[in-house]
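S.K.: My questions all concern the structure below.
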Amino acid sequence: MHIDVNSAFLSWTAIDLLNNGFGKDIREEYAVISGDESKRHGIVLAKSDKAKQKGIITGESLYNARRKCPNLNVYAPDYHLYEEMSDCLFKLLSTYTPDIEILSIDECFIDYTKIKKLYGDEIAFAHKLKDKIKQELGFTVNIGIGNNKLCAKMASDFQKPDKVHTLYQHEVKAKLWPLPINELYGIGKKTSEKLITLNIKTIGDLANIDYNFLYKYFKNQAASMIESANGIDHSLVISNSLPPKGISHSITLERDLTTKEEIYEVLQMIVERVAISLRKQHKYAYVVVVNLKNQFFKSYSHQVKLKNATNITNEIFETTKRLLDEMWKNEPIRLVGIRLDSLVDSDHYQQSLFEDVVDREKQKKLEEVIDNLKSKYGHHIIKPAALSKNKKKMN
DNA sequence: TCTGGGGTCCTAGGACCC
DNA sequence: TCTGGGGTCCTAGGACCC
């Protein structure tokens, strides 16, 4: 089964507003959740059914959405709230089974095969489950049932909200094949455009295409594309969520930055964040990546693999500065991002002849102390002098 | 005041090795 | 007599997902 919260961010904000005495349910009006336009974060993160009927889609600019629906009501996202609501949902589900694979903040798979003996017919169970979620948590979900994850996921997407759908193997032809090709999981904008030029317009078209023909255009992807279109998927529900492969953070700036010093300051801020997150997870990173986006929305990245995995803020910061020096084309920058990759559980430190190991150990201890101060007294209790607004007052 | 942020996976090309 | 083939690792970029 695939369980998917209907318009998650919007539903969750709606509940929160109702709980705080807001007189109306924003699920019933022309509403979207969006970031702050003045900070250049104005894109649609979630929409109500009514907004959807106006043609508003997730991911488009708020500017665009307003043109489709001039009297649109806009609400800010609250990520802390969303984490809490998400936790509540997964906790409720885990009272039924430990076999839950969390896909994102608002959706997951459960392996019903293993608990069918306990709870009986899956369709009856799914209805009871969705009603229980609505009653106890206040929001609706769609539940898709299938013989594998792909079919369950496609089924949960059929008709919304508050519905249970099945997509068993024998239903693939009737329920999956008529859908437009871009609705197949794994087929995005680029691939569907390419497929349409090949006259492959529906999932059924893809399901029945000649493999050798498709191979010419999609190489190794061809086989799995045809399998998906036939509702075939051998992947398993993996309950114990895997550790992250990387940690990243990026910021779209309120205005484009034009000097290296300004970009350094942003880098420093972002490094602080990712490094703390890294240490919190007891990880060390081998690879440091800097990503930039220029005023024309062109992104480019530069990365380096370190000799030694690190979790030391300063080592990461110095690395990102070096990367920036090498890659920056002296042009206005809209977004600055950092990613830490190739994470390992311990640093297996290889001492270099020219390094001061004592100093490195001291640095690590210092950062442990700083992390503790921050978690006790808040993020702003201590920060690099370079990020202080009153640099002259600092001792 | 048009266009976010956090992820995963894949591919292509170059360096390098035997 | 101009120049293989297989393999790994690294980097950059892109597609896709929510």
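Following the order of the structure tokens, chains are lettered A, B, ..., residues in each are numbered from 1, and ligands are numbered from 1.
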Contacts from chain C to chain A, 9 Å maximum, only C-alpha atoms (C1' of nucleotides): show me the residue list as an mmCIF file with all heavy atoms, in the first residue's frame.

M.R.:
data_model
loop_
_atom_site.group_PDB
_atom_site.id
_atom_site.type_symbol
_atom_site.label_atom_id
_atom_site.label_comp_id
_atom_site.auth_asym_id
_atom_site.auth_seq_id
_atom_site.Cartn_x
_atom_site.Cartn_y
_atom_site.Cartn_z
ATOM 1 P P DC C 10 37.961 8.347 -5.957
ATOM 2 O OP1 DC C 10 38.872 8.697 -4.868
ATOM 3 O OP2 DC C 10 36.609 7.838 -5.663
ATOM 4 O "O5'" DC C 10 37.797 9.598 -6.915
ATOM 5 C "C5'" DC C 10 38.949 10.150 -7.546
ATOM 6 C "C4'" DC C 10 38.508 11.193 -8.541
ATOM 7 O "O4'" DC C 10 37.912 10.525 -9.681
ATOM 8 C "C3'" DC C 10 37.437 12.149 -7.991
ATOM 9 O "O3'" DC C 10 37.937 13.471 -8.072
ATOM 10 C "C2'" DC C 10 36.219 11.933 -8.882
ATOM 11 C "C1'" DC C 10 36.809 11.287 -10.124
ATOM 12 N N1 DC C 10 35.890 10.370 -10.835
ATOM 13 C C2 DC C 10 35.587 10.615 -12.179
ATOM 14 O O2 DC C 10 36.094 11.592 -12.735
ATOM 15 N N3 DC C 10 34.759 9.762 -12.831
ATOM 16 C C4 DC C 10 34.237 8.713 -12.190
ATOM 17 N N4 DC C 10 33.418 7.918 -12.883
ATOM 18 C C5 DC C 10 34.530 8.450 -10.823
ATOM 19 C C6 DC C 10 35.351 9.292 -10.190
ATOM 20 P P DT C 11 37.077 14.642 -7.455
ATOM 21 O OP1 DT C 11 38.049 15.648 -7.005
ATOM 22 O OP2 DT C 11 36.049 14.116 -6.533
ATOM 23 O "O5'" DT C 11 36.325 15.211 -8.731
ATOM 24 C "C5'" DT C 11 37.089 15.690 -9.835
ATOM 25 C "C4'" DT C 11 36.159 16.125 -10.929
ATOM 26 O "O4'" DT C 11 35.490 14.961 -11.474
ATOM 27 C "C3'" DT C 11 35.048 17.083 -10.465
ATOM 28 O "O3'" DT C 11 35.150 18.263 -11.239
ATOM 29 C "C2'" DT C 11 33.747 16.325 -10.730
ATOM 30 C "C1'" DT C 11 34.154 15.287 -11.752
ATOM 31 N N1 DT C 11 33.402 14.013 -11.720
ATOM 32 C C2 DT C 11 32.829 13.550 -12.883
ATOM 33 O O2 DT C 11 32.887 14.156 -13.932
ATOM 34 N N3 DT C 11 32.174 12.354 -12.768
ATOM 35 C C4 DT C 11 32.047 11.583 -11.620
ATOM 36 O O4 DT C 11 31.435 10.520 -11.650
ATOM 37 C C5 DT C 11 32.671 12.123 -10.450
ATOM 38 C C7 DT C 11 32.571 11.361 -9.167
ATOM 39 C C6 DT C 11 33.311 13.295 -10.548
ATOM 40 P P DA C 12 34.223 19.490 -10.923
ATOM 41 O OP1 DA C 12 35.013 20.689 -11.255
ATOM 42 O OP2 DA C 12 33.601 19.347 -9.596
ATOM 43 O "O5'" DA C 12 33.078 19.329 -12.013
ATOM 44 C "C5'" DA C 12 33.431 19.327 -13.401
ATOM 45 C "C4'" DA C 12 32.176 19.169 -14.216
ATOM 46 O "O4'" DA C 12 31.715 17.805 -14.102
ATOM 47 C "C3'" DA C 12 31.020 20.067 -13.762
ATOM 48 O "O3'" DA C 12 30.571 20.794 -14.897
ATOM 49 C "C2'" DA C 12 29.970 19.097 -13.218
ATOM 50 C "C1'" DA C 12 30.318 17.781 -13.898
ATOM 51 N N9 DA C 12 30.032 16.586 -13.099
ATOM 52 C C8 DA C 12 30.308 16.393 -11.770
ATOM 53 N N7 DA C 12 29.949 15.209 -11.328
ATOM 54 C C5 DA C 12 29.393 14.581 -12.445
ATOM 55 C C6 DA C 12 28.830 13.309 -12.639
ATOM 56 N N6 DA C 12 28.722 12.397 -11.659
ATOM 57 N N1 DA C 12 28.377 13.000 -13.871
ATOM 58 C C2 DA C 12 28.497 13.922 -14.846
ATOM 59 N N3 DA C 12 29.008 15.160 -14.784
ATOM 60 C C4 DA C 12 29.445 15.420 -13.541
ATOM 61 P P DG C 13 29.369 21.805 -14.781
ATOM 62 O OP1 DG C 13 29.646 22.857 -15.772
ATOM 63 O OP2 DG C 13 29.117 22.151 -13.365
ATOM 64 O "O5'" DG C 13 28.142 20.940 -15.297
ATOM 65 C "C5'" DG C 13 28.283 20.209 -16.524
ATOM 66 C "C4'" DG C 13 27.082 19.317 -16.682
ATOM 67 O "O4'" DG C 13 27.193 18.198 -15.775
ATOM 68 C "C3'" DG C 13 25.752 20.005 -16.355
ATOM 69 O "O3'" DG C 13 24.918 19.884 -17.494
ATOM 70 C "C2'" DG C 13 25.207 19.242 -15.164
ATOM 71 C "C1'" DG C 13 25.900 17.888 -15.303
ATOM 72 N N9 DG C 13 26.032 17.139 -14.060
ATOM 73 C C8 DG C 13 26.546 17.569 -12.866
ATOM 74 N N7 DG C 13 26.519 16.650 -11.930
ATOM 75 C C5 DG C 13 25.953 15.541 -12.554
ATOM 76 C C6 DG C 13 25.659 14.248 -12.059
ATOM 77 O O6 DG C 13 25.857 13.804 -10.919
ATOM 78 N N1 DG C 13 25.093 13.430 -13.036
ATOM 79 C C2 DG C 13 24.829 13.825 -14.324
ATOM 80 N N2 DG C 13 24.273 12.910 -15.130
ATOM 81 N N3 DG C 13 25.093 15.032 -14.811
ATOM 82 C C4 DG C 13 25.643 15.836 -13.872
ATOM 83 P P DA C 15 18.043 17.284 -18.496
ATOM 84 O OP1 DA C 15 17.857 17.253 -19.947
ATOM 85 O OP2 DA C 15 17.746 18.496 -17.696
ATOM 86 O "O5'" DA C 15 17.212 16.094 -17.853
ATOM 87 C "C5'" DA C 15 17.544 14.759 -18.180
ATOM 88 C "C4'" DA C 15 16.862 13.860 -17.181
ATOM 89 O "O4'" DA C 15 17.644 13.856 -15.960
ATOM 90 C "C3'" DA C 15 15.456 14.354 -16.813
ATOM 91 O "O3'" DA C 15 14.500 13.323 -17.062
ATOM 92 C "C2'" DA C 15 15.552 14.721 -15.337
ATOM 93 C "C1'" DA C 15 16.767 13.955 -14.854
ATOM 94 N N9 DA C 15 17.469 14.647 -13.779
ATOM 95 C C8 DA C 15 17.938 15.930 -13.789
ATOM 96 N N7 DA C 15 18.528 16.289 -12.664
ATOM 97 C C5 DA C 15 18.454 15.153 -11.877
ATOM 98 C C6 DA C 15 18.908 14.884 -10.564
ATOM 99 N N6 DA C 15 19.542 15.762 -9.804
ATOM 100 N N1 DA C 15 18.675 13.638 -10.074
ATOM 101 C C2 DA C 15 18.024 12.758 -10.843
ATOM 102 N N3 DA C 15 17.558 12.897 -12.083
ATOM 103 C C4 DA C 15 17.815 14.138 -12.555
ATOM 104 P P DC C 16 12.954 13.619 -16.893
ATOM 105 O OP1 DC C 16 12.279 12.656 -17.763
ATOM 106 O OP2 DC C 16 12.665 15.067 -17.003
ATOM 107 O "O5'" DC C 16 12.671 13.207 -15.383
ATOM 108 C "C5'" DC C 16 12.995 11.890 -14.949
ATOM 109 C "C4'" DC C 16 12.917 11.849 -13.448
ATOM 110 O "O4'" DC C 16 14.010 12.596 -12.893
ATOM 111 C "C3'" DC C 16 11.672 12.523 -12.877
ATOM 112 O "O3'" DC C 16 10.670 11.537 -12.637
ATOM 113 C "C2'" DC C 16 12.148 13.150 -11.567
ATOM 114 C "C1'" DC C 16 13.635 12.915 -11.568
ATOM 115 N N1 DC C 16 14.386 14.117 -11.147
ATOM 116 C C2 DC C 16 15.024 14.091 -9.901
ATOM 117 O O2 DC C 16 14.964 13.065 -9.216
ATOM 118 N N3 DC C 16 15.709 15.192 -9.471
ATOM 119 C C4 DC C 16 15.753 16.273 -10.255
ATOM 120 N N4 DC C 16 16.429 17.313 -9.784
ATOM 121 C C5 DC C 16 15.119 16.317 -11.509
ATOM 122 C C6 DC C 16 14.440 15.226 -11.928
ATOM 123 P P DC C 17 9.213 12.024 -12.139
ATOM 124 O OP1 DC C 17 8.287 10.929 -12.469
ATOM 125 O OP2 DC C 17 8.950 13.390 -12.602
ATOM 126 O "O5'" DC C 17 9.400 12.098 -10.559
ATOM 127 C "C5'" DC C 17 9.724 10.908 -9.850
ATOM 128 C "C4'" DC C 17 9.925 11.250 -8.392
ATOM 129 O "O4'" DC C 17 11.179 11.957 -8.241
ATOM 130 C "C3'" DC C 17 8.896 12.229 -7.856
ATOM 131 O "O3'" DC C 17 7.773 11.552 -7.350
ATOM 132 C "C2'" DC C 17 9.648 12.914 -6.717
ATOM 133 C "C1'" DC C 17 11.097 12.775 -7.093
ATOM 134 N N1 DC C 17 11.728 14.082 -7.396
ATOM 135 C C2 DC C 17 12.454 14.708 -6.387
ATOM 136 O O2 DC C 17 12.550 14.129 -5.295
ATOM 137 N N3 DC C 17 13.044 15.903 -6.613
ATOM 138 C C4 DC C 17 12.915 16.467 -7.816
ATOM 139 N N4 DC C 17 13.511 17.639 -7.998
ATOM 140 C C5 DC C 17 12.157 15.857 -8.864
ATOM 141 C C6 DC C 17 11.589 14.666 -8.627
ATOM 142 P P DC C 18 6.466 12.410 -6.966
ATOM 143 O OP1 DC C 18 5.395 11.427 -6.782
ATOM 144 O OP2 DC C 18 6.313 13.512 -7.920
ATOM 145 O "O5'" DC C 18 6.819 13.064 -5.559
ATOM 146 C "C5'" DC C 18 7.077 12.237 -4.423
ATOM 147 C "C4'" DC C 18 7.435 13.144 -3.267
ATOM 148 O "O4'" DC C 18 8.576 13.943 -3.640
ATOM 149 C "C3'" DC C 18 6.305 14.115 -2.918
ATOM 150 O "O3'" DC C 18 6.012 14.020 -1.536
ATOM 151 C "C2'" DC C 18 6.834 15.488 -3.250
ATOM 152 C "C1'" DC C 18 8.343 15.299 -3.280
ATOM 153 N N1 DC C 18 8.974 16.188 -4.293
ATOM 154 C C2 DC C 18 9.949 17.099 -3.870
ATOM 155 O O2 DC C 18 10.268 17.116 -2.685
ATOM 156 N N3 DC C 18 10.533 17.915 -4.778
ATOM 157 C C4 DC C 18 10.152 17.857 -6.053
ATOM 158 N N4 DC C 18 10.744 18.680 -6.905
ATOM 159 C C5 DC C 18 9.165 16.929 -6.513
ATOM 160 C C6 DC C 18 8.605 16.121 -5.605
#

S.K.: Given the choices A:Met327, A:Val336, A:Leu343, A:Ala152, which gets closest to Gln281 (chain A) if the distance is worked out from only C-alpha atoms?

M.R.: A:Leu343

S.K.: Please measure the separation of CA of Leu340 (chain A) and CA of Leu306 (chain A), giving the value in Å to one decimal.

M.R.: 11.0 Å

S.K.: What's around Asn71 (chain A) at 12 Å? Count only C-alpha atoms (C1' of nucleotides), leave out sequence neighbours fewer than 3 positions away in its own chain, and write the answer as a list in words.

M.R.: Glu29, Tyr30, Ala31, Val32, Lys50, Ala51, Lys54, Ala65, Arg66, Arg67, Lys68 and Val74 of chain A

S.K.: Give me, as JSON, numbers by chain, all polymer residues having an atom no more than 6 Å from region 110-113 of chain A, counting only C-alpha atoms (C1' of nucleotides) and skipping those fewer than 3 positions away in the same chain.

M.R.: {"A": [1, 99, 100, 116]}

S.K.: Pick out the residues sitting within 9 Å of DG6 (chain B), and hand them over as an NGL selection string; count only C-alpha atoms (C1' of nucleotides), and ignore anything fewer than 4 positions along from it in its own chain.

M.R.: :A and (247-250)

S.K.: So that I can check the secondary structure, give me every residue of region 264-354 of chain A assigned strand (DSSP E) by backbone DSSP, as a PyMOL selection string.

M.R.: chain A and resi 284-294+299-310+333-344

S.K.: At what distance in Å, to one decimal, does CA of Asp78 (chain A) lie from CA of Leu92 (chain A)?

M.R.: 21.6 Å

S.K.: Using DSSP on the backbone, list every residue of region 63-176 of chain A that comes out as helix (DSSP H, G or I), and give them as a ChimeraX atom specification.

M.R.: /A:63-68,79-94,113-119,122-137,149-156,169-176

S.K.: Quick one, how far is CA of Val274 (chain A) from CA of Arg322 (chain A)?

M.R.: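 CA of Arg322 (chain A) lies 17.4 Å from CA of Val274 (chain A).
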
S.K.: List the neighbours of DT1 (chain B) out to 9 Å using only C-alpha atoms (C1' of nucleotides); skip same-chain residues closer than 4 positions along the sequence, and give me the result as a PDB file with N, CA, C and O atoms, in the first residue's frame.

M.R.:
ATOM      1  N   GLU A  37       7.591  35.993  -1.519  1.00  0.00           N
ATOM      2  CA  GLU A  37       8.008  36.534  -2.824  1.00  0.00           C
ATOM      3  C   GLU A  37       9.097  37.587  -2.699  1.00  0.00           C
ATOM      4  O   GLU A  37      10.004  37.658  -3.531  1.00  0.00           O
ATOM      5  N   SER A  38       9.018  38.417  -1.645  1.00  0.00           N
ATOM      6  CA  SER A  38       9.994  39.503  -1.511  1.00  0.00           C
ATOM      7  C   SER A  38      11.395  38.933  -1.260  1.00  0.00           C
ATOM      8  O   SER A  38      12.391  39.596  -1.472  1.00  0.00           O
ATOM      9  N   LYS A  39      11.452  37.703  -0.783  1.00  0.00           N
ATOM     10  CA  LYS A  39      12.756  37.048  -0.587  1.00  0.00           C
ATOM     11  C   LYS A  39      13.098  36.147  -1.767  1.00  0.00           C
ATOM     12  O   LYS A  39      14.022  35.337  -1.691  1.00  0.00           O
ATOM     13  N   ARG A  40      12.297  36.224  -2.814  1.00  0.00           N
ATOM     14  CA  ARG A  40      12.485  35.433  -4.037  1.00  0.00           C
ATOM     15  C   ARG A  40      12.288  33.936  -3.773  1.00  0.00           C
ATOM     16  O   ARG A  40      12.946  33.092  -4.357  1.00  0.00           O
ATOM     17  N   GLY A  42       9.083  32.776  -3.834  1.00  0.00           N
ATOM     18  CA  GLY A  42       7.653  32.696  -4.146  1.00  0.00           C
ATOM     19  C   GLY A  42       7.279  31.619  -5.143  1.00  0.00           C
ATOM     20  O   GLY A  42       6.995  31.899  -6.300  1.00  0.00           O
ATOM     21  N   TYR A  63       3.651  34.324  -8.787  1.00  0.00           N
ATOM     22  CA  TYR A  63       3.287  35.330  -9.792  1.00  0.00           C
ATOM     23  C   TYR A  63       2.378  34.724 -10.858  1.00  0.00           C
ATOM     24  O   TYR A  63       1.321  35.259 -11.196  1.00  0.00           O
TER      25      TYR A  63
END

S.K.: Using only C-alpha atoms (C1' of nucleotides), which protein or nucleic acid residues come within 12 Å of Leu17 (chain A)? Drop anything in the same chain fewer than 5 positions from it, and give the result as a PyMOL selection string.

M.R.: chain A and resi 10-12+22-27+75-78+81
